[in-house]
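A.B. asks: File final.pdb follows (PDB, C-alpha atoms):
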```
ATOM      1  CA  MET A 300     -22.513  -5.397   2.799  1.00  0.00           C
ATOM      2  CA  ASN A 301     -25.006  -7.224   0.641  1.00  0.00           C
ATOM      3  CA  THR A 302     -28.618  -7.179   1.927  1.00  0.00           C
ATOM      4  CA  CYS A 303     -28.937 -10.943   1.464  1.00  0.00           C
ATOM      5  CA  ILE A 304     -25.838 -11.512   3.597  1.00  0.00           C
ATOM      6  CA  CYS A 305     -27.117  -9.142   6.276  1.00  0.00           C
ATOM      7  CA  CYS A 306     -30.410 -11.048   6.449  1.00  0.00           C
ATOM      8  CA  ARG A 307     -28.558 -14.319   6.986  1.00  0.00           C
ATOM      9  CA  LEU A 308     -26.302 -12.745   9.587  1.00  0.00           C
ATOM     10  CA  SER A 309     -29.217 -11.228  11.498  1.00  0.00           C
ATOM     11  CA  LYS A 310     -30.750 -14.697  11.907  1.00  0.00           C
ATOM     12  CA  GLN A 311     -27.627 -15.908  13.679  1.00  0.00           C
ATOM     13  CA  SER A 312     -26.621 -15.007  17.205  1.00  0.00           C
ATOM     14  CA  ASN A 313     -25.479 -11.424  17.553  1.00  0.00           C
ATOM     15  CA  SER A 314     -21.915 -12.164  18.637  1.00  0.00           C
ATOM     16  CA  ARG A 315     -21.476 -14.778  15.903  1.00  0.00           C
ATOM     17  CA  ALA A 316     -22.841 -12.369  13.288  1.00  0.00           C
ATOM     18  CA  VAL A 317     -20.462  -9.633  14.428  1.00  0.00           C
ATOM     19  CA  GLY A 318     -17.549 -12.059  14.242  1.00  0.00           C
ATOM     20  CA  LEU A 319     -18.518 -13.182  10.751  1.00  0.00           C
ATOM     21  CA  MET A 320     -18.873  -9.604   9.556  1.00  0.00           C
ATOM     22  CA  ARG A 321     -15.453  -8.773  10.979  1.00  0.00           C
ATOM     23  CA  LEU A 322     -13.888 -11.759   9.177  1.00  0.00           C
ATOM     24  CA  ALA A 323     -15.600 -10.810   5.914  1.00  0.00           C
ATOM     25  CA  GLU A 324     -14.452  -7.205   6.198  1.00  0.00           C
ATOM     26  CA  GLN A 325     -10.862  -8.253   6.917  1.00  0.00           C
ATOM     27  CA  GLU A 326     -10.751 -10.710   4.026  1.00  0.00           C
ATOM     28  CA  LEU A 327     -12.326  -8.269   1.571  1.00  0.00           C
ATOM     29  CA  ALA A 328     -10.000  -5.463   2.705  1.00  0.00           C
ATOM     30  CA  SER A 329      -6.955  -7.684   2.223  1.00  0.00           C
ATOM     31  CA  PHE A 330      -8.132  -8.730  -1.230  1.00  0.00           C
ATOM     32  CA  PHE A 331      -8.985  -5.172  -2.260  1.00  0.00           C
ATOM     33  CA  ASN A 332      -5.636  -3.804  -1.068  1.00  0.00           C
ATOM     34  CA  ALA A 333      -3.698  -6.513  -2.917  1.00  0.00           C
ATOM     35  CA  VAL A 334      -5.588  -5.864  -6.154  1.00  0.00           C
ATOM     36  CA  LYS A 335      -5.304  -2.102  -5.671  1.00  0.00           C
ATOM     37  CA  GLN A 336      -1.512  -2.402  -5.457  1.00  0.00           C
ATOM     38  CA  LEU A 337      -1.493  -4.336  -8.730  1.00  0.00           C
ATOM     39  CA  ILE A 338      -3.878  -2.292 -10.855  1.00  0.00           C
ATOM     40  CA  GLY A 339      -4.939   0.842  -8.981  1.00  0.00           C
ATOM     41  CA  ARG A 340      -7.896   1.828  -6.855  1.00  0.00           C
ATOM     42  CA  GLU A 341     -10.456   2.473  -9.603  1.00  0.00           C
ATOM     43  CA  GLN A 342      -9.750  -0.817 -11.353  1.00  0.00           C
ATOM     44  CA  ALA A 343      -9.835  -2.738  -8.049  1.00  0.00           C
ATOM     45  CA  GLU A 344     -13.506  -1.958  -7.505  1.00  0.00           C
ATOM     46  CA  LEU A 345     -14.703  -4.547 -10.042  1.00  0.00           C
ATOM     47  CA  PRO A 346     -12.745  -7.433  -8.451  1.00  0.00           C
ATOM     48  CA  ALA A 347     -14.096  -6.305  -5.063  1.00  0.00           C
ATOM     49  CA  GLU A 348     -17.624  -6.592  -6.480  1.00  0.00           C
ATOM     50  CA  ASP A 349     -16.694 -10.066  -7.711  1.00  0.00           C
ATOM     51  CA  TRP A 350     -15.657 -10.901  -4.140  1.00  0.00           C
ATOM     52  CA  LEU A 351     -19.048  -9.780  -2.826  1.00  0.00           C
ATOM     53  CA  ASP A 352     -20.800 -11.781  -5.550  1.00  0.00           C
ATOM     54  CA  GLU A 353     -18.862 -14.883  -4.535  1.00  0.00           C
ATOM     55  CA  LEU A 354     -19.798 -14.238  -0.902  1.00  0.00           C
ATOM     56  CA  THR A 355     -23.475 -14.323  -1.795  1.00  0.00           C
ATOM     57  CA  GLU A 356     -22.985 -17.810  -3.259  1.00  0.00           C
ATOM     58  CA  ILE A 357     -22.074 -19.259   0.156  1.00  0.00           C
ATOM     59  CA  ASP A 358     -24.913 -21.273   1.656  1.00  0.00           C
ATOM     60  CA  ASP A 359     -23.517 -21.570   5.165  1.00  0.00           C
ATOM     61  CA  LEU A 360     -21.445 -18.734   6.556  1.00  0.00           C
ATOM     62  CA  SER A 361     -18.592 -20.169   8.556  1.00  0.00           C
ATOM     63  CA  SER A 362     -16.040 -18.706  10.903  1.00  0.00           C
ATOM     64  CA  SER A 363     -13.360 -20.830   9.216  1.00  0.00           C
ATOM     65  CA  SER A 364     -10.661 -18.753   7.562  1.00  0.00           C
ATOM     66  CA  ARG A 365     -10.481 -21.495   4.928  1.00  0.00           C
ATOM     67  CA  ASP A 366     -14.056 -20.748   3.839  1.00  0.00           C
ATOM     68  CA  TRP A 367     -13.402 -17.025   3.668  1.00  0.00           C
ATOM     69  CA  ARG A 368     -10.208 -17.649   1.718  1.00  0.00           C
ATOM     70  CA  SER A 369     -12.182 -19.699  -0.819  1.00  0.00           C
ATOM     71  CA  VAL A 370     -14.265 -16.598  -1.556  1.00  0.00           C
ATOM     72  CA  THR A 371     -11.032 -14.715  -2.251  1.00  0.00           C
ATOM     73  CA  VAL A 372      -9.667 -17.506  -4.444  1.00  0.00           C
ATOM     74  CA  LYS A 373     -12.841 -17.582  -6.539  1.00  0.00           C
ATOM     75  CA  ALA A 374     -12.861 -13.787  -6.914  1.00  0.00           C
ATOM     76  CA  SER A 375      -9.156 -13.903  -7.837  1.00  0.00           C
ATOM     77  CA  ALA A 376      -9.893 -16.482 -10.525  1.00  0.00           C
ATOM     78  CA  ARG A 377     -12.591 -14.230 -11.991  1.00  0.00           C
ATOM     79  CA  PHE A 378     -10.140 -11.327 -11.946  1.00  0.00           C
ATOM     80  CA  ALA A 379      -7.400 -13.397 -13.614  1.00  0.00           C
ATOM     81  CA  THR A 380      -9.802 -14.554 -16.322  1.00  0.00           C
ATOM     82  CA  ARG A 381     -10.797 -10.962 -17.017  1.00  0.00           C
ATOM     83  CA  VAL A 382      -7.153  -9.815 -17.144  1.00  0.00           C
ATOM     84  CA  ASN A 383      -6.175 -12.698 -19.444  1.00  0.00           C
ATOM     85  CA  ALA A 384      -9.105 -11.971 -21.754  1.00  0.00           C
ATOM     86  CA  SER A 385      -8.172  -8.294 -22.028  1.00  0.00           C
ATOM     87  CA  SER A 386      -4.501  -9.184 -22.625  1.00  0.00           C
ATOM     88  CA  LEU A 387      -5.465 -11.558 -25.415  1.00  0.00           C
ATOM     89  CA  SER A 388      -7.742  -9.012 -27.066  1.00  0.00           C
ATOM     90  CA  ALA A 389      -4.924  -6.437 -26.895  1.00  0.00           C
ATOM     91  CA  GLU A 390      -2.558  -8.913 -28.564  1.00  0.00           C
ATOM     92  CA  PHE A 391      -5.004  -9.519 -31.412  1.00  0.00           C
ATOM     93  CA  THR A 392      -5.625  -5.792 -31.810  1.00  0.00           C
ATOM     94  CA  ASN A 393      -1.894  -5.054 -32.048  1.00  0.00           C
ATOM     95  CA  ALA A 394      -1.197  -7.972 -34.430  1.00  0.00           C
TER      96      ALA A 394
END
```
How does the structure come out when it is put into structure tokens?
C.D. replies:
Amino acid sequence: MNTCICCRLSKQSNSRAVGLMRLAEQELASFFNAVKQLIGREQAELPAEDWLDELTEIDDLSSSSRDWRSVTVKASARFATRVNASSLSAEFTNA
């Protein structure tokens, strides 16, 4: 997990930090597995890094599944943009 995130978690109560880490791990694992099924393990690493980048943008870590899901949605949008861009460049190359 990102050092910045760990610093923020360590400042919170121990049980809350453990709960937040568990939620983050579950959400990231779900996202990674979904992307891995679509494009393969090696290619899924970059979207997983996007997920971690989006996590670092959160100011207040919450135990709300809605907040964690927003990290996944933002990382998914970055992934979709990248896939669309590569599809468009392939179209222009083949044209």
A.B. asks: Would you mind telling me which residue in A:Arg321, A:Thr355, A:Gln336, A:Pro346 lies nearest to Thr380 of chain A when using only C-alpha atoms?
C.D. replies: A:Pro346
A.B. asks: Let me make sure I understand: among A:Glu341, A:Asp366, A:Asp358, A:Glu353, which one has the smallest atom-to-atom distance to Leu322 of chain A if we use all atoms listed in the file?
C.D. replies: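 Smallest separation from Leu322 of chain A among the options: A:Asp366.
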A.B. asks: Between atom CA of Leu337 of chain A and atom CA of Ser362 of chain A, measure the distance and give it in Å to one decimal.
C.D. replies: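 Computed distance, atom CA of Leu337 of chain A to atom CA of Ser362 of chain A, equals 28.3 Å.
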A.B. asks: Please compute the atom CA of Asn313 of chain A-atom CA of Leu327 of chain A distance, one decimal, in Å.
C.D. replies: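 Going from atom CA of Asn313 of chain A over to atom CA of Leu327 of chain A covers 20.9 Å.
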A.B. asks: Nearest to Asn332 of chain A among A:Ala384, A:Ala347, A:Val317, A:Leu354, with distances taken over all atoms listed in the file: which residue is it?
C.D. replies: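 Going through A:Ala384, A:Ala347, A:Val317, A:Leu354 one by one, the smallest distance to Asn332 of chain A is for A:Ala347.
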A.B. asks: If you count all atoms listed in the file, which residues fall within 10 Å of Phe378 of chain A, apart from same-chain ones fewer than 5 positions away, as a list in words?
C.D. replies: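 With the cut-off at 10 Å, the set is Val334, Ala343, Leu345, Pro346, Ala347, Asp349, Trp350, Val372, Lys373, Asn383 and Ala384 of chain A.
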A.B. asks: Mind giving me the straight-line distance from atom CA of Lys335 of chain A to atom CA of Arg365 of chain A in Å, one decimal?
C.D. replies: 22.7 Å
A.B. asks: Pull out every residue that the PyMOL selection byres ((chain A and resi 323) around 10) matches in the shown coordinates and put them as a PDB file with C-alpha atoms, in the frame of the given file.
C.D. replies:
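Wrote it out as out_9.pdb, contents follow:
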```pdb
ATOM      1  CA  MET A 300     -22.513  -5.397   2.799  1.00  0.00           C
ATOM      2  CA  VAL A 317     -20.462  -9.633  14.428  1.00  0.00           C
ATOM      3  CA  GLY A 318     -17.549 -12.059  14.242  1.00  0.00           C
ATOM      4  CA  LEU A 319     -18.518 -13.182  10.751  1.00  0.00           C
ATOM      5  CA  MET A 320     -18.873  -9.604   9.556  1.00  0.00           C
ATOM      6  CA  ARG A 321     -15.453  -8.773  10.979  1.00  0.00           C
ATOM      7  CA  LEU A 322     -13.888 -11.759   9.177  1.00  0.00           C
ATOM      8  CA  GLU A 324     -14.452  -7.205   6.198  1.00  0.00           C
ATOM      9  CA  GLN A 325     -10.862  -8.253   6.917  1.00  0.00           C
ATOM     10  CA  GLU A 326     -10.751 -10.710   4.026  1.00  0.00           C
ATOM     11  CA  LEU A 327     -12.326  -8.269   1.571  1.00  0.00           C
ATOM     12  CA  ALA A 328     -10.000  -5.463   2.705  1.00  0.00           C
ATOM     13  CA  SER A 329      -6.955  -7.684   2.223  1.00  0.00           C
ATOM     14  CA  LEU A 351     -19.048  -9.780  -2.826  1.00  0.00           C
ATOM     15  CA  LEU A 354     -19.798 -14.238  -0.902  1.00  0.00           C
ATOM     16  CA  LEU A 360     -21.445 -18.734   6.556  1.00  0.00           C
ATOM     17  CA  SER A 362     -16.040 -18.706  10.903  1.00  0.00           C
ATOM     18  CA  SER A 364     -10.661 -18.753   7.562  1.00  0.00           C
ATOM     19  CA  TRP A 367     -13.402 -17.025   3.668  1.00  0.00           C
ATOM     20  CA  ARG A 368     -10.208 -17.649   1.718  1.00  0.00           C
ATOM     21  CA  VAL A 370     -14.265 -16.598  -1.556  1.00  0.00           C
TER      22      VAL A 370
END
```
